[in-house]
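The file entry_32.txt contains compact mmCIF, C-alpha atoms:
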# COMPACT_ATOMS: atom_id res chain seq x y z
CA MET A 8 113.64 83.12 130.89
CA VAL A 9 113.07 85.95 133.33
CA SER A 10 115.14 88.91 134.48
CA GLU A 11 116.47 88.88 138.02
CA ASP A 12 113.28 90.45 139.29
CA GLY A 13 111.00 89.38 136.40
CA VAL A 14 108.85 92.47 136.93
CA VAL A 15 107.02 93.91 133.93
CA THR A 16 106.45 97.66 134.12
CA ILE A 17 105.60 100.41 131.67
CA GLY A 18 108.85 101.26 129.91
CA SER A 19 110.45 97.86 130.38
CA ALA A 20 111.58 95.74 127.45
CA LEU A 21 110.51 92.22 126.63
CA VAL A 22 113.27 90.42 124.75
CA ALA A 23 112.22 87.30 122.87
CA ALA A 24 114.04 84.22 124.13
CA PRO A 25 116.05 82.40 121.43
CA GLY A 26 113.53 79.55 121.39
CA LEU A 27 110.48 81.75 120.72
CA ASP A 28 109.47 80.68 117.21
CA ASP A 29 106.32 82.80 116.72
CA PRO A 30 107.14 84.70 113.48
CA ASN A 31 105.55 87.86 114.92
CA PHE A 32 108.04 87.92 117.78
CA ARG A 33 111.13 85.93 116.80
CA ARG A 34 114.23 87.88 117.97
CA THR A 35 112.19 90.96 118.81
CA VAL A 36 112.45 93.60 121.50
CA VAL A 37 109.05 94.86 122.69
CA LEU A 38 108.68 98.10 124.66
CA VAL A 39 105.87 97.83 127.22
CA ILE A 40 103.62 100.89 126.85
CA ASP A 41 100.76 99.80 129.14
CA HIS A 42 100.60 97.16 131.86
CA ARG A 43 97.70 96.63 134.23
CA GLY A 44 95.50 93.86 135.60
CA SER A 45 93.44 93.65 132.41
CA GLY A 46 96.48 93.06 130.19
CA THR A 47 99.62 94.45 128.60
CA LEU A 48 100.33 96.43 125.43
CA GLY A 49 103.69 96.82 123.78
CA VAL A 50 105.40 97.88 120.57
CA VAL A 51 107.95 95.77 118.67
CA LEU A 52 110.94 98.07 118.25
CA ASN A 53 112.99 96.21 115.67
CA ARG A 54 110.76 95.41 112.67
CA PRO A 55 111.13 98.12 110.00
CA SER A 56 108.82 97.81 107.03
CA GLU A 57 109.50 98.84 103.44
CA VAL A 58 106.90 101.63 103.72
CA PRO A 59 108.27 105.15 104.23
CA VAL A 60 106.47 107.09 106.97
CA HIS A 61 105.88 110.02 104.59
CA GLU A 62 103.65 107.78 102.41
CA VAL A 63 101.29 107.16 105.32
CA LEU A 64 101.73 110.27 107.48
CA PRO A 65 103.29 112.91 105.21
CA SER A 66 103.71 115.57 107.89
CA TRP A 67 105.50 113.18 110.27
CA GLY A 68 107.84 111.52 107.75
CA PRO A 69 110.60 114.16 107.76
CA HIS A 70 110.77 114.10 111.57
CA THR A 71 111.30 110.38 112.10
CA ALA A 72 114.63 108.78 112.95
CA GLY A 73 116.37 106.96 110.11
CA PRO A 74 115.57 104.86 108.18
CA GLN A 75 112.32 106.91 108.22
CA ALA A 76 110.34 103.71 107.64
CA LEU A 77 107.08 102.74 109.25
CA TYR A 78 107.90 100.03 111.79
CA VAL A 79 105.66 97.01 112.41
CA GLY A 80 104.74 97.45 116.07
CA GLY A 81 102.98 94.11 116.35
CA PRO A 82 100.35 91.86 114.88
CA MET A 83 97.33 93.70 116.34
CA GLU A 84 95.55 96.66 114.70
CA GLN A 85 98.17 97.21 112.00
CA ARG A 86 96.09 100.03 110.55
CA ALA A 87 96.57 101.97 113.79
CA ALA A 88 99.71 104.11 114.12
CA LEU A 89 101.63 104.89 117.30
CA CYS A 90 104.52 107.30 117.68
CA LEU A 91 107.25 106.71 120.25
CA ALA A 92 109.78 109.36 121.18
CA ALA A 93 112.89 109.74 123.28
CA LEU A 94 112.76 112.96 125.28
CA PRO A 95 115.77 115.08 126.16
CA ALA A 96 117.18 114.63 129.66
CA GLY A 97 115.22 116.59 132.23
CA SER A 98 112.06 116.88 130.11
CA ASP A 99 108.72 116.50 131.84
CA ALA A 100 106.23 114.76 129.55
CA ARG A 101 103.35 115.95 131.77
CA ALA A 102 104.18 119.55 130.85
CA MET A 103 104.14 118.86 127.11
CA GLU A 104 100.88 118.98 125.18
CA GLY A 105 100.40 115.99 122.87
CA VAL A 106 102.83 113.82 124.86
CA ILE A 107 102.06 110.85 127.13
CA GLY A 108 104.99 109.88 129.33
CA LEU A 109 105.94 106.23 129.67
CA GLY A 110 108.31 106.83 132.53
CA GLY A 111 111.74 108.35 132.27
CA PRO A 112 112.61 109.83 128.90
CA LEU A 113 110.23 107.69 126.81
CA ALA A 114 106.87 108.94 125.57
CA LEU A 115 104.02 108.41 123.14
CA LEU A 116 103.25 111.35 120.86
CA ASN A 117 99.74 112.20 119.71
CA LEU A 118 99.81 111.88 115.92
CA ASP A 119 96.96 114.39 115.69
CA SER A 120 99.35 117.03 117.06
CA ASP A 121 101.45 119.29 114.87
CA PRO A 122 104.77 117.48 114.27
CA ASP A 123 106.52 120.78 113.53
CA LEU A 124 105.80 121.81 117.13
CA LEU A 125 106.51 118.46 118.82
CA ALA A 126 109.53 117.17 116.91
CA PRO A 127 111.92 119.92 118.07
CA ARG A 128 111.04 119.05 121.68
CA VAL A 129 112.17 115.40 121.43
CA ARG A 130 115.55 113.72 120.81
CA GLY A 131 114.02 111.49 118.17
CA LEU A 132 110.84 109.71 117.21
CA ARG A 133 109.65 106.67 115.32
CA VAL A 134 106.20 105.67 113.97
CA PHE A 135 104.81 102.14 114.36
CA ALA A 136 101.89 100.37 112.68
CA GLY A 137 100.08 98.09 115.11
CA TYR A 138 101.02 96.81 118.53
CA ALA A 139 101.40 93.65 120.57
CA GLY A 140 98.86 92.77 123.22
CA TRP A 141 98.37 90.22 125.96
CA ASP A 142 95.21 89.52 127.98
CA ALA A 143 95.29 89.39 131.79
CA GLY A 144 97.76 86.71 132.90
CA GLN A 145 98.82 85.78 129.35
CA LEU A 146 102.17 87.57 129.40
CA SER A 147 103.10 86.27 132.85
CA GLY A 148 102.40 82.75 131.56
CA GLU A 149 104.67 83.34 128.56
CA ILE A 150 107.41 84.72 130.84
CA ASP A 151 107.08 81.72 133.18
CA ARG A 152 107.32 79.41 130.13
CA GLY A 153 110.59 81.10 129.16
CA ASP A 154 109.44 82.96 126.05
CA TRP A 155 110.53 86.43 127.23
CA VAL A 156 113.32 88.06 129.18
CA VAL A 157 112.21 91.21 131.04
CA VAL A 158 114.89 93.92 131.14
CA PRO A 159 115.08 97.71 131.45
CA ALA A 160 114.59 99.59 128.16
CA LEU A 161 116.75 102.54 127.19
CA PRO A 162 115.53 105.56 125.20
CA ASP A 163 117.97 104.78 122.40
CA ASP A 164 116.30 101.37 121.92
CA VAL A 165 113.43 103.25 120.28
CA LEU A 166 115.82 105.05 117.91
CA VAL A 167 118.29 102.30 117.03
CA PRO A 168 119.86 102.99 113.63
CA GLU A 169 119.28 100.80 110.61
CA GLY A 170 121.55 97.77 110.50
CA VAL A 171 121.97 97.48 114.29
CA ASP A 172 120.85 94.16 115.79
CA LEU A 173 118.77 95.54 118.67
CA TRP A 174 117.96 92.06 120.02
CA SER A 175 121.66 91.21 120.49
CA ARG A 176 122.50 94.71 121.71
CA VAL A 177 119.89 94.63 124.50
CA LEU A 178 120.93 91.16 125.64
CA ARG A 179 124.64 92.00 125.53
CA ARG A 180 124.24 94.93 127.93
CA GLN A 181 122.54 92.75 130.59
CA GLY A 182 125.72 91.15 131.82
CA MET A 183 126.20 87.46 132.50
CA PRO A 184 124.52 85.03 132.00
CA LEU A 185 121.96 86.84 129.78
CA ALA A 186 124.70 88.44 127.66
CA LEU A 187 125.61 84.98 126.38
CA LEU A 188 122.28 84.83 124.54
CA ALA A 189 123.33 87.77 122.35
CA SER A 190 125.52 85.43 120.29
CA TYR A 191 122.82 82.79 119.86
CA PRO A 192 122.69 81.99 116.12
CA VAL A 193 119.60 82.84 114.06
CA ASP A 194 119.59 79.24 112.81
CA PRO A 195 121.20 76.94 115.42
CA SER A 196 121.47 74.14 112.85
CA GLN A 197 124.02 76.29 110.97
CA ASN A 198 126.24 76.56 114.04

As structure tokens, please, write out the structure in this file.
Amino acid sequence: MVSEDGVVTIGSALVAAPGLDDPNFRRTVVLVIDHRGSGTLGVVLNRPSEVPVHEVLPSWGPHTAGPQALYVGGPMEQRAALCLAALPAGSDARAMEGVIGLGGPLALLNLDSDPDLLAPRVRGLRVFAGYAGWDAGQLSGEIDRGDWVVVPALPDDVLVPEGVDLWSRVLRRQGMPLALLASYPVDPSQN
């Protein structure tokens, strides 16, 4: 399943198709944070863990969006932490030290920076353990096979509150026919 244009760019979202059974990606929304000829990197946005951020990164914990849990960003390098933030409208990531813009109001924050200085300059932030990665051509093959839907990401996708089904929410806002997938049951045999 592919979006109308099927183009993957930094800041776009990969939404797992209902038939994608890989337990790492079933019903996930992945924000693309790097995309080039050598491959693609992304962060799963909707897999909170049971680990509070303050247990791993004490100075960042109080600044994270609720539920203030460390999110599982993907199956690769789960000991590595990444911090995604939504910037206020009109902010220029290039003018902010410790911030790497991802296009529009989305950015990566340098976790070696002082969170007391950075947090007030963002609308919200979330910390992720690990990431998802695809080698050159791998993601396009998965998209062609129908594993992913490529859609625009919104800043609030990074900050979705606990209890919100981000997968359904992102699909629902795409309009027809993609919006129909938002009601696809978790277990079709129970339908």

Produce a table with one row for each residue of stretch 73-189 of chain A that has an atom at most 9 Å from any atom of stretch 12-36 of chain A, each row naming the nearest atom pair and its distance in Å at one decimal; use all atoms listed in the file; arrange rows by chain and rising residue number; format as a Markdown table.
| residue | atom | partner | partner_atom | distance |
| --- | --- | --- | --- | --- |
| A:Gly81 | CA | A:Asn31 | CA | 6.9 |
| A:Pro82 | CA | A:Asn31 | CA | 6.6 |
| A:Leu109 | CA | A:Gly18 | CA | 5.8 |
| A:Gly110 | CA | A:Gly18 | CA | 6.2 |
| A:Gly111 | CA | A:Gly18 | CA | 8.0 |
| A:Leu113 | CA | A:Gly18 | CA | 7.3 |
| A:Ser147 | CA | A:Val15 | CA | 8.7 |
| A:Ile150 | CA | A:Gly13 | CA | 8.1 |
| A:Gly153 | CA | A:Ala24 | CA | 6.9 |
| A:Asp154 | CA | A:Ala24 | CA | 5.1 |
| A:Trp155 | CA | A:Ala23 | CA | 4.8 |
| A:Val156 | CA | A:Val22 | CA | 5.0 |
| A:Val157 | CA | A:Leu21 | CA | 4.8 |
| A:Val158 | CA | A:Ala20 | CA | 5.3 |
| A:Pro159 | CA | A:Ser19 | CA | 4.8 |
| A:Ala160 | CA | A:Ala20 | CA | 4.9 |
| A:Leu161 | CA | A:Gly18 | CA | 8.5 |
| A:Asp164 | CA | A:Val36 | CA | 8.7 |
| A:Leu173 | CA | A:Val36 | CA | 7.2 |
| A:Trp174 | CA | A:Val36 | CA | 5.9 |
| A:Ser175 | CA | A:Arg34 | CA | 8.5 |
| A:Val177 | CA | A:Val22 | CA | 7.8 |
| A:Leu178 | CA | A:Val22 | CA | 7.7 |
| A:Leu188 | CA | A:Pro25 | CA | 7.4 |

Excluding same-chain residues fewer than 2 positions from A:Gly46, what lies within 12 Å of it counting all atoms listed in the file, as a VMD selection string? chain A and resid 15 to 17 39 to 44 48 to 49 139 to 148

Please produce a file of those selected residues containing C-alpha atoms, as a PDB file, in the coordinates of the input.
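Final output, saved to result22.pdb:
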ATOM      1  CA  VAL A  15     107.020  93.910 133.930  1.00  0.00           C
ATOM      2  CA  THR A  16     106.450  97.660 134.120  1.00  0.00           C
ATOM      3  CA  ILE A  17     105.600 100.410 131.670  1.00  0.00           C
ATOM      4  CA  VAL A  39     105.870  97.830 127.220  1.00  0.00           C
ATOM      5  CA  ILE A  40     103.620 100.890 126.850  1.00  0.00           C
ATOM      6  CA  ASP A  41     100.760  99.800 129.140  1.00  0.00           C
ATOM      7  CA  HIS A  42     100.600  97.160 131.860  1.00  0.00           C
ATOM      8  CA  ARG A  43      97.700  96.630 134.230  1.00  0.00           C
ATOM      9  CA  GLY A  44      95.500  93.860 135.600  1.00  0.00           C
ATOM     10  CA  LEU A  48     100.330  96.430 125.430  1.00  0.00           C
ATOM     11  CA  GLY A  49     103.690  96.820 123.780  1.00  0.00           C
ATOM     12  CA  ALA A 139     101.400  93.650 120.570  1.00  0.00           C
ATOM     13  CA  GLY A 140      98.860  92.770 123.220  1.00  0.00           C
ATOM     14  CA  TRP A 141      98.370  90.220 125.960  1.00  0.00           C
ATOM     15  CA  ASP A 142      95.210  89.520 127.980  1.00  0.00           C
ATOM     16  CA  ALA A 143      95.290  89.390 131.790  1.00  0.00           C
ATOM     17  CA  GLY A 144      97.760  86.710 132.900  1.00  0.00           C
ATOM     18  CA  GLN A 145      98.820  85.780 129.350  1.00  0.00           C
ATOM     19  CA  LEU A 146     102.170  87.570 129.400  1.00  0.00           C
ATOM     20  CA  SER A 147     103.100  86.270 132.850  1.00  0.00           C
ATOM     21  CA  GLY A 148     102.400  82.750 131.560  1.00  0.00           C
TER      22      GLY A 148
END

Which polymer residues have any atom within 12 Å of an atom of stretch 67-78 of chain A, counting all atoms listed in the file, with same-chain residues fewer than 5 positions away left out, as a PyMOL selection string? chain A and resi 50-62+85-93+116-138+163-171

What separation in Å, quoted to one decimal, exists between atom CA of A:Ser66 and atom CA of A:Gly105?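 Separation between atom CA of A:Ser66 and atom CA of A:Gly105: 15.3 Å.
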
Between atom CA of A:Ala100 and atom CA of A:Ala114, measure the distance and give it in Å to one decimal.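 So the two atoms, atom CA of A:Ala100 and atom CA of A:Ala114, lie 7.1 Å apart.
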
For atom CA of A:Arg176 and atom CA of A:Asp99, determine how far apart the two atoms are, in Å to one decimal place.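 Atom CA of A:Arg176 sits 27.7 Å away from atom CA of A:Asp99.
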
Would you mind telling me which residue in A:Arg179, A:Pro112, A:Ser190, A:Met83 lies nearest to A:Ala96 when using all atoms listed in the file?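 The answer is A:Pro112, which sits nearest to A:Ala96.
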